[in-house]
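What's in structure_10.cif: mmCIF, C-alpha atoms
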```cif
data_input
#
loop_
_atom_site.group_PDB
_atom_site.id
_atom_site.type_symbol
_atom_site.label_atom_id
_atom_site.label_comp_id
_atom_site.auth_asym_id
_atom_site.auth_seq_id
_atom_site.Cartn_x
_atom_site.Cartn_y
_atom_site.Cartn_z
ATOM 1 C CA MET U 1 -64.685 -18.059 -90.138
ATOM 2 C CA GLU U 2 -61.080 -18.923 -89.695
ATOM 3 C CA LEU U 3 -60.046 -15.557 -91.125
ATOM 4 C CA ASN U 4 -62.069 -13.661 -88.494
ATOM 5 C CA GLU U 5 -60.619 -15.788 -85.699
ATOM 6 C CA LEU U 6 -57.158 -15.181 -87.054
ATOM 7 C CA LYS U 7 -57.794 -11.404 -87.137
ATOM 8 C CA GLU U 8 -59.097 -11.428 -83.562
ATOM 9 C CA SER U 9 -56.139 -13.419 -82.267
ATOM 10 C CA TRP U 10 -53.814 -11.106 -84.181
ATOM 11 C CA GLN U 11 -55.448 -8.060 -82.566
ATOM 12 C CA LEU U 12 -55.167 -9.636 -79.102
ATOM 13 C CA LEU U 13 -51.518 -10.386 -79.722
ATOM 14 C CA ASN U 14 -50.948 -6.824 -80.926
ATOM 15 C CA GLU U 15 -52.590 -5.392 -77.795
ATOM 16 C CA GLN U 16 -50.454 -7.624 -75.552
ATOM 17 C CA LEU U 17 -47.321 -6.503 -77.379
ATOM 18 C CA GLN U 18 -48.273 -2.855 -76.858
ATOM 19 C CA LYS U 19 -48.872 -3.468 -73.159
ATOM 20 C CA ASN U 20 -45.553 -5.283 -72.866
ATOM 21 C CA GLU U 21 -43.787 -2.429 -74.641
ATOM 22 C CA ILE U 22 -45.237 0.090 -72.182
ATOM 23 C CA VAL U 23 -44.153 -2.068 -69.230
ATOM 24 C CA ASN U 24 -40.687 -2.568 -70.744
ATOM 25 C CA ARG U 25 -40.291 1.182 -71.276
ATOM 26 C CA LYS U 26 -41.207 1.850 -67.659
ATOM 27 C CA VAL U 27 -38.769 -0.794 -66.431
ATOM 28 C CA VAL U 28 -35.945 0.594 -68.576
ATOM 29 C CA LYS U 29 -36.590 4.156 -67.341
ATOM 30 C CA LEU U 30 -36.672 2.862 -63.780
ATOM 31 C CA LEU U 31 -33.340 1.050 -64.191
ATOM 32 C CA ILE U 32 -31.672 4.092 -65.754
ATOM 33 C CA GLY U 33 -33.008 6.288 -62.955
ATOM 34 C CA LYS U 34 -31.827 3.825 -60.326
ATOM 35 C CA ARG U 35 -28.286 3.845 -61.755
ATOM 36 C CA MET U 36 -28.282 7.649 -61.727
ATOM 37 C CA LEU U 37 -29.491 7.725 -58.115
ATOM 38 C CA THR U 38 -26.808 5.223 -57.124
ATOM 39 C CA ALA U 39 -24.174 7.559 -58.581
ATOM 40 C CA ARG U 40 -25.739 10.499 -56.727
ATOM 41 C CA ASP U 41 -25.768 8.550 -53.469
ATOM 42 C CA ARG U 42 -22.088 7.676 -53.956
ATOM 43 C CA LEU U 43 -21.298 11.408 -54.103
ATOM 44 C CA ILE U 44 -23.301 12.013 -50.924
ATOM 45 C CA ARG U 45 -21.556 9.153 -49.089
ATOM 46 C CA ALA U 46 -18.137 10.461 -50.131
ATOM 47 C CA ASN U 47 -18.948 13.864 -48.641
ATOM 48 C CA TRP U 48 -20.165 12.261 -45.410
ATOM 49 C CA VAL U 49 -16.935 10.260 -45.217
ATOM 50 C CA ALA U 50 -14.969 13.493 -45.671
ATOM 51 C CA ILE U 51 -16.953 15.190 -42.892
ATOM 52 C CA LEU U 52 -16.461 12.262 -40.505
ATOM 53 C CA THR U 53 -12.745 12.061 -41.295
ATOM 54 C CA LEU U 54 -12.273 15.764 -40.643
ATOM 55 C CA GLY U 55 -14.325 15.474 -37.449
ATOM 56 C CA VAL U 56 -12.065 12.680 -36.221
ATOM 57 C CA ILE U 57 -9.026 14.814 -36.999
ATOM 58 C CA LEU U 58 -10.549 17.694 -35.020
ATOM 59 C CA LEU U 59 -11.025 15.339 -32.067
ATOM 60 C CA ILE U 60 -7.552 13.796 -32.319
ATOM 61 C CA VAL U 61 -5.638 17.099 -32.382
ATOM 62 C CA PRO U 62 -6.278 18.014 -28.699
ATOM 63 C CA LEU U 63 -5.430 14.438 -27.683
ATOM 64 C CA ALA U 64 -2.203 14.618 -29.671
ATOM 65 C CA ALA U 65 -1.371 17.950 -28.018
ATOM 66 C CA VAL U 66 -1.022 16.113 -24.727
ATOM 67 C CA ARG U 67 1.915 14.052 -26.042
ATOM 68 C CA VAL U 68 3.324 16.342 -28.769
ATOM 69 C CA THR U 69 3.984 20.051 -28.723
ATOM 70 C CA ILE U 70 1.560 21.791 -31.059
ATOM 71 C CA ARG U 71 2.009 25.502 -31.508
ATOM 72 C CA PRO U 72 -1.022 27.792 -31.002
ATOM 73 C CA GLU U 73 -0.843 28.896 -34.647
ATOM 74 C CA MET U 74 -1.561 25.306 -35.650
ATOM 75 C CA PHE U 75 -4.685 25.222 -33.537
ATOM 76 C CA TRP U 76 -5.899 28.392 -35.283
ATOM 77 C CA LEU U 77 -5.115 26.894 -38.662
ATOM 78 C CA ILE U 78 -6.741 23.535 -37.935
ATOM 79 C CA TYR U 79 -9.833 24.886 -36.194
ATOM 80 C CA THR U 80 -10.591 27.416 -38.927
ATOM 81 C CA LEU U 81 -9.665 25.444 -42.047
ATOM 82 C CA LEU U 82 -11.179 22.043 -41.226
ATOM 83 C CA PRO U 83 -14.592 23.354 -40.092
ATOM 84 C CA ALA U 84 -14.703 25.473 -43.258
ATOM 85 C CA VAL U 85 -14.061 22.373 -45.352
ATOM 86 C CA MET U 86 -16.711 20.495 -43.355
ATOM 87 C CA LEU U 87 -19.234 23.265 -44.049
ATOM 88 C CA TYR U 88 -18.350 23.125 -47.729
ATOM 89 C CA SER U 89 -18.940 19.346 -47.697
ATOM 90 C CA LEU U 90 -22.333 19.880 -46.057
ATOM 91 C CA TRP U 91 -23.209 22.420 -48.744
ATOM 92 C CA SER U 92 -22.035 19.926 -51.363
ATOM 93 C CA ILE U 93 -24.333 17.262 -49.881
ATOM 94 C CA HIS U 94 -27.210 19.734 -50.090
ATOM 95 C CA PHE U 95 -26.359 20.534 -53.712
ATOM 96 C CA VAL U 96 -26.046 16.881 -54.732
ATOM 97 C CA SER U 97 -29.319 16.044 -52.980
ATOM 98 C CA LYS U 98 -31.115 18.465 -55.281
ATOM 99 C CA LEU U 99 -30.816 15.899 -58.083
ATOM 100 C CA ASP U 100 -34.281 14.387 -57.799
ATOM 101 C CA LEU U 101 -35.207 12.349 -60.850
ATOM 102 C CA ALA U 102 -38.855 12.110 -59.881
ATOM 103 C CA SER U 103 -39.467 15.852 -59.940
ATOM 104 C CA CYS U 104 -36.748 17.127 -62.312
ATOM 105 C CA THR U 105 -37.077 17.353 -66.064
ATOM 106 C CA LEU U 106 -34.287 16.283 -68.390
ATOM 107 C CA VAL U 107 -33.328 19.934 -68.905
ATOM 108 C CA GLU U 108 -33.054 20.513 -65.154
ATOM 109 C CA ILE U 109 -30.937 17.377 -64.752
ATOM 110 C CA CYS U 110 -28.697 18.565 -67.584
ATOM 111 C CA ARG U 111 -28.291 21.964 -65.879
ATOM 112 C CA TRP U 112 -27.494 20.242 -62.599
ATOM 113 C CA VAL U 113 -24.800 18.123 -64.275
ATOM 114 C CA LEU U 114 -23.236 21.199 -65.883
ATOM 115 C CA ARG U 115 -23.204 23.065 -62.558
ATOM 116 C CA TYR U 116 -21.708 20.108 -60.731
ATOM 117 C CA LYS U 117 -19.017 19.650 -63.377
ATOM 118 C CA ARG U 118 -18.157 23.360 -63.023
ATOM 119 C CA LEU U 119 -17.995 22.910 -59.247
ATOM 120 C CA LEU U 120 -15.667 19.916 -59.645
ATOM 121 C CA ARG U 121 -13.424 21.928 -61.949
ATOM 122 C CA ILE U 122 -13.172 24.692 -59.345
ATOM 123 C CA GLU U 123 -12.388 22.111 -56.652
ATOM 124 C CA LEU U 124 -9.765 20.547 -58.887
ATOM 125 C CA TRP U 125 -7.974 23.886 -59.232
ATOM 126 C CA CYS U 126 -8.356 25.088 -55.628
ATOM 127 C CA THR U 127 -7.611 21.904 -53.683
ATOM 128 C CA PRO U 128 -3.908 21.568 -54.609
ATOM 129 C CA PHE U 129 -3.196 25.181 -53.615
ATOM 130 C CA LEU U 130 -5.093 24.755 -50.363
ATOM 131 C CA ALA U 131 -3.283 21.492 -49.555
ATOM 132 C CA LEU U 132 0.147 22.867 -50.416
ATOM 133 C CA GLY U 133 -0.550 26.012 -48.408
ATOM 134 C CA THR U 134 -1.645 23.973 -45.404
ATOM 135 C CA PHE U 135 1.334 21.635 -45.552
ATOM 136 C CA GLY U 136 3.652 24.595 -46.080
ATOM 137 C CA ALA U 137 2.185 26.318 -43.029
ATOM 138 C CA VAL U 138 2.627 23.201 -40.900
ATOM 139 C CA PHE U 139 6.183 22.831 -42.201
ATOM 140 C CA LEU U 140 7.098 26.415 -41.362
ATOM 141 C CA ILE U 141 5.172 26.817 -38.100
ATOM 142 C CA HIS U 142 6.722 23.726 -36.552
ATOM 143 C CA HIS U 143 10.191 24.327 -38.041
ATOM 144 C CA HIS U 144 10.239 20.914 -39.728
ATOM 145 C CA TYR U 145 12.943 22.135 -42.070
ATOM 146 C CA ARG U 146 15.409 21.631 -39.199
ATOM 147 C CA SER U 147 14.968 17.847 -39.184
ATOM 148 C CA VAL U 148 15.393 15.488 -42.129
ATOM 149 C CA GLN U 149 13.137 12.947 -40.449
ATOM 150 C CA MET U 150 10.287 15.492 -40.151
ATOM 151 C CA MET U 151 10.810 16.610 -43.758
ATOM 152 C CA VAL U 152 10.502 12.993 -44.936
ATOM 153 C CA PHE U 153 7.405 12.514 -42.771
ATOM 154 C CA ASP U 154 5.817 15.685 -44.183
ATOM 155 C CA GLY U 155 6.665 14.583 -47.714
ATOM 156 C CA LEU U 156 5.060 11.186 -47.147
ATOM 157 C CA MET U 157 1.970 12.812 -45.628
ATOM 158 C CA LEU U 158 1.681 15.101 -48.648
ATOM 159 C CA LEU U 159 2.107 12.148 -51.010
ATOM 160 C CA VAL U 160 -0.591 10.138 -49.210
ATOM 161 C CA ALA U 161 -2.951 13.130 -49.314
ATOM 162 C CA ILE U 162 -2.342 13.588 -53.046
ATOM 163 C CA VAL U 163 -2.890 9.901 -53.830
ATOM 164 C CA VAL U 164 -6.074 9.679 -51.729
ATOM 165 C CA SER U 165 -7.448 12.880 -53.281
ATOM 166 C CA CYS U 166 -6.714 11.704 -56.818
ATOM 167 C CA LEU U 167 -8.272 8.296 -56.197
ATOM 168 C CA ALA U 168 -11.361 9.901 -54.655
ATOM 169 C CA TYR U 169 -11.690 12.250 -57.619
ATOM 170 C CA VAL U 170 -11.292 9.518 -60.242
ATOM 171 C CA TYR U 171 -13.305 6.751 -58.596
ATOM 172 C CA VAL U 172 -16.028 8.769 -56.908
ATOM 173 C CA ASP U 173 -16.544 12.229 -58.382
ATOM 174 C CA LYS U 174 -15.605 11.695 -62.013
ATOM 175 C CA ARG U 175 -17.141 8.215 -62.210
ATOM 176 C CA SER U 176 -20.415 9.343 -60.626
ATOM 177 C CA VAL U 177 -20.776 12.352 -62.912
ATOM 178 C CA LYS U 178 -20.013 10.155 -65.923
ATOM 179 C CA GLU U 179 -22.698 7.654 -64.875
ATOM 180 C CA ILE U 180 -25.233 10.447 -64.373
ATOM 181 C CA GLU U 181 -24.369 11.888 -67.795
ATOM 182 C CA GLN U 182 -24.727 8.466 -69.423
ATOM 183 C CA GLY U 183 -28.088 7.981 -67.754
ATOM 184 C CA LEU U 184 -29.139 11.435 -68.922
ATOM 185 C CA GLU U 185 -28.160 10.598 -72.503
ATOM 186 C CA GLU U 186 -29.997 7.274 -72.334
ATOM 187 C CA LEU U 187 -33.118 8.957 -70.959
ATOM 188 C CA HIS U 188 -32.907 11.589 -73.691
ATOM 189 C CA GLU U 189 -32.585 8.893 -76.385
ATOM 190 C CA PHE U 190 -35.388 6.976 -74.749
ATOM 191 C CA GLU U 191 -37.693 10.020 -74.832
ATOM 192 C CA GLU U 192 -37.004 10.493 -78.528
ATOM 193 C CA LEU U 193 -38.170 6.947 -79.380
#
```

Any chance you could give the structure as structure tokens?
Amino acid sequence: MELNELKESWQLLNEQLQKNEIVNRKVVKLLIGKRMLTARDRLIRANWVAILTLGVILLIVPLAAVRVTIRPEMFWLIYTLLPAVMLYSLWSIHFVSKLDLASCTLVEICRWVLRYKRLLRIELWCTPFLALGTFGAVFLIHHHYRSVQMMVFDGLMLLVAIVVSCLAYVYVDKRSVKEIEQGLEELHEFEEL
């Protein structure tokens, strides 16, 4: 009699362990997915910050023109380049938003990560040339080479832009992609168990 009771209690305990394992697996997948979505949302927020910053610059330029002489070439440069960068940021938000863990398979997420890493590599190569070209144009259009004070100011502006861009790349883009890749690896390992 005791042996049958022991078997029954053992079976009940085994069933509870299986149920707990299923719940634990779901919780772990949910936590991994949440960390990946947090990284994705960080990328989206960074692009929105870039759009808002560029929008503020577009609003400040006409106000600055009241107090400072801004050549017409600068207006053409600013009002073609900055909206183009804003459109690119909007496209980037659209691309990053496509990472939907609920509807994407692991293969689709892996493809998305590879495409985004390729996009970041292209940005990493194009951005310095674009920034140097823009600063060079400002330097030449406004004849800043005639004044040491303006050359120092331009140099400091370029340095600030480089530092902010590098920090944004390291702490937002690279970190977010790394977290998404880690989550992808963990989900892949989890599926194999």

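Rounded to one decimal, CA of Leu87 (chain U) and CA of Ile51 (chain U) lie 8.5 Å from each other.
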
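What separates CA of Glu185 (chain U) from CA of His94 (chain U) is a distance of 24.2 Å.
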
Evaluating the PyMOL selection byres ((chain U and resi 136) around 12) on the displayed file yields which residues, as a PDB file with C-alpha atoms, in the frame of the given file?
```
ATOM      1  CA  MET U  74      -1.561  25.306 -35.650  1.00  0.00           C
ATOM      2  CA  LEU U  77      -5.115  26.894 -38.662  1.00  0.00           C
ATOM      3  CA  PRO U 128      -3.908  21.568 -54.609  1.00  0.00           C
ATOM      4  CA  PHE U 129      -3.196  25.181 -53.615  1.00  0.00           C
ATOM      5  CA  LEU U 130      -5.093  24.755 -50.363  1.00  0.00           C
ATOM      6  CA  ALA U 131      -3.283  21.492 -49.555  1.00  0.00           C
ATOM      7  CA  LEU U 132       0.147  22.867 -50.416  1.00  0.00           C
ATOM      8  CA  GLY U 133      -0.550  26.012 -48.408  1.00  0.00           C
ATOM      9  CA  THR U 134      -1.645  23.973 -45.404  1.00  0.00           C
ATOM     10  CA  PHE U 135       1.334  21.635 -45.552  1.00  0.00           C
ATOM     11  CA  ALA U 137       2.185  26.318 -43.029  1.00  0.00           C
ATOM     12  CA  VAL U 138       2.627  23.201 -40.900  1.00  0.00           C
ATOM     13  CA  PHE U 139       6.183  22.831 -42.201  1.00  0.00           C
ATOM     14  CA  LEU U 140       7.098  26.415 -41.362  1.00  0.00           C
ATOM     15  CA  ILE U 141       5.172  26.817 -38.100  1.00  0.00           C
ATOM     16  CA  HIS U 142       6.722  23.726 -36.552  1.00  0.00           C
ATOM     17  CA  HIS U 143      10.191  24.327 -38.041  1.00  0.00           C
ATOM     18  CA  HIS U 144      10.239  20.914 -39.728  1.00  0.00           C
ATOM     19  CA  TYR U 145      12.943  22.135 -42.070  1.00  0.00           C
ATOM     20  CA  MET U 151      10.810  16.610 -43.758  1.00  0.00           C
ATOM     21  CA  ASP U 154       5.817  15.685 -44.183  1.00  0.00           C
ATOM     22  CA  GLY U 155       6.665  14.583 -47.714  1.00  0.00           C
ATOM     23  CA  MET U 157       1.970  12.812 -45.628  1.00  0.00           C
ATOM     24  CA  LEU U 158       1.681  15.101 -48.648  1.00  0.00           C
TER      25      LEU U 158
END
```

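The space between CA of Ile122 (chain U) and CA of Arg45 (chain U) spans 20.4 Å.
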
Which is closest to Lys174 (chain U) among U:Leu58, U:Leu43, U:Ala102, U:Val152, if we use all atoms listed in the file?
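Looking at the shortest contact to Lys174 (chain U), the residue is U:Leu43.
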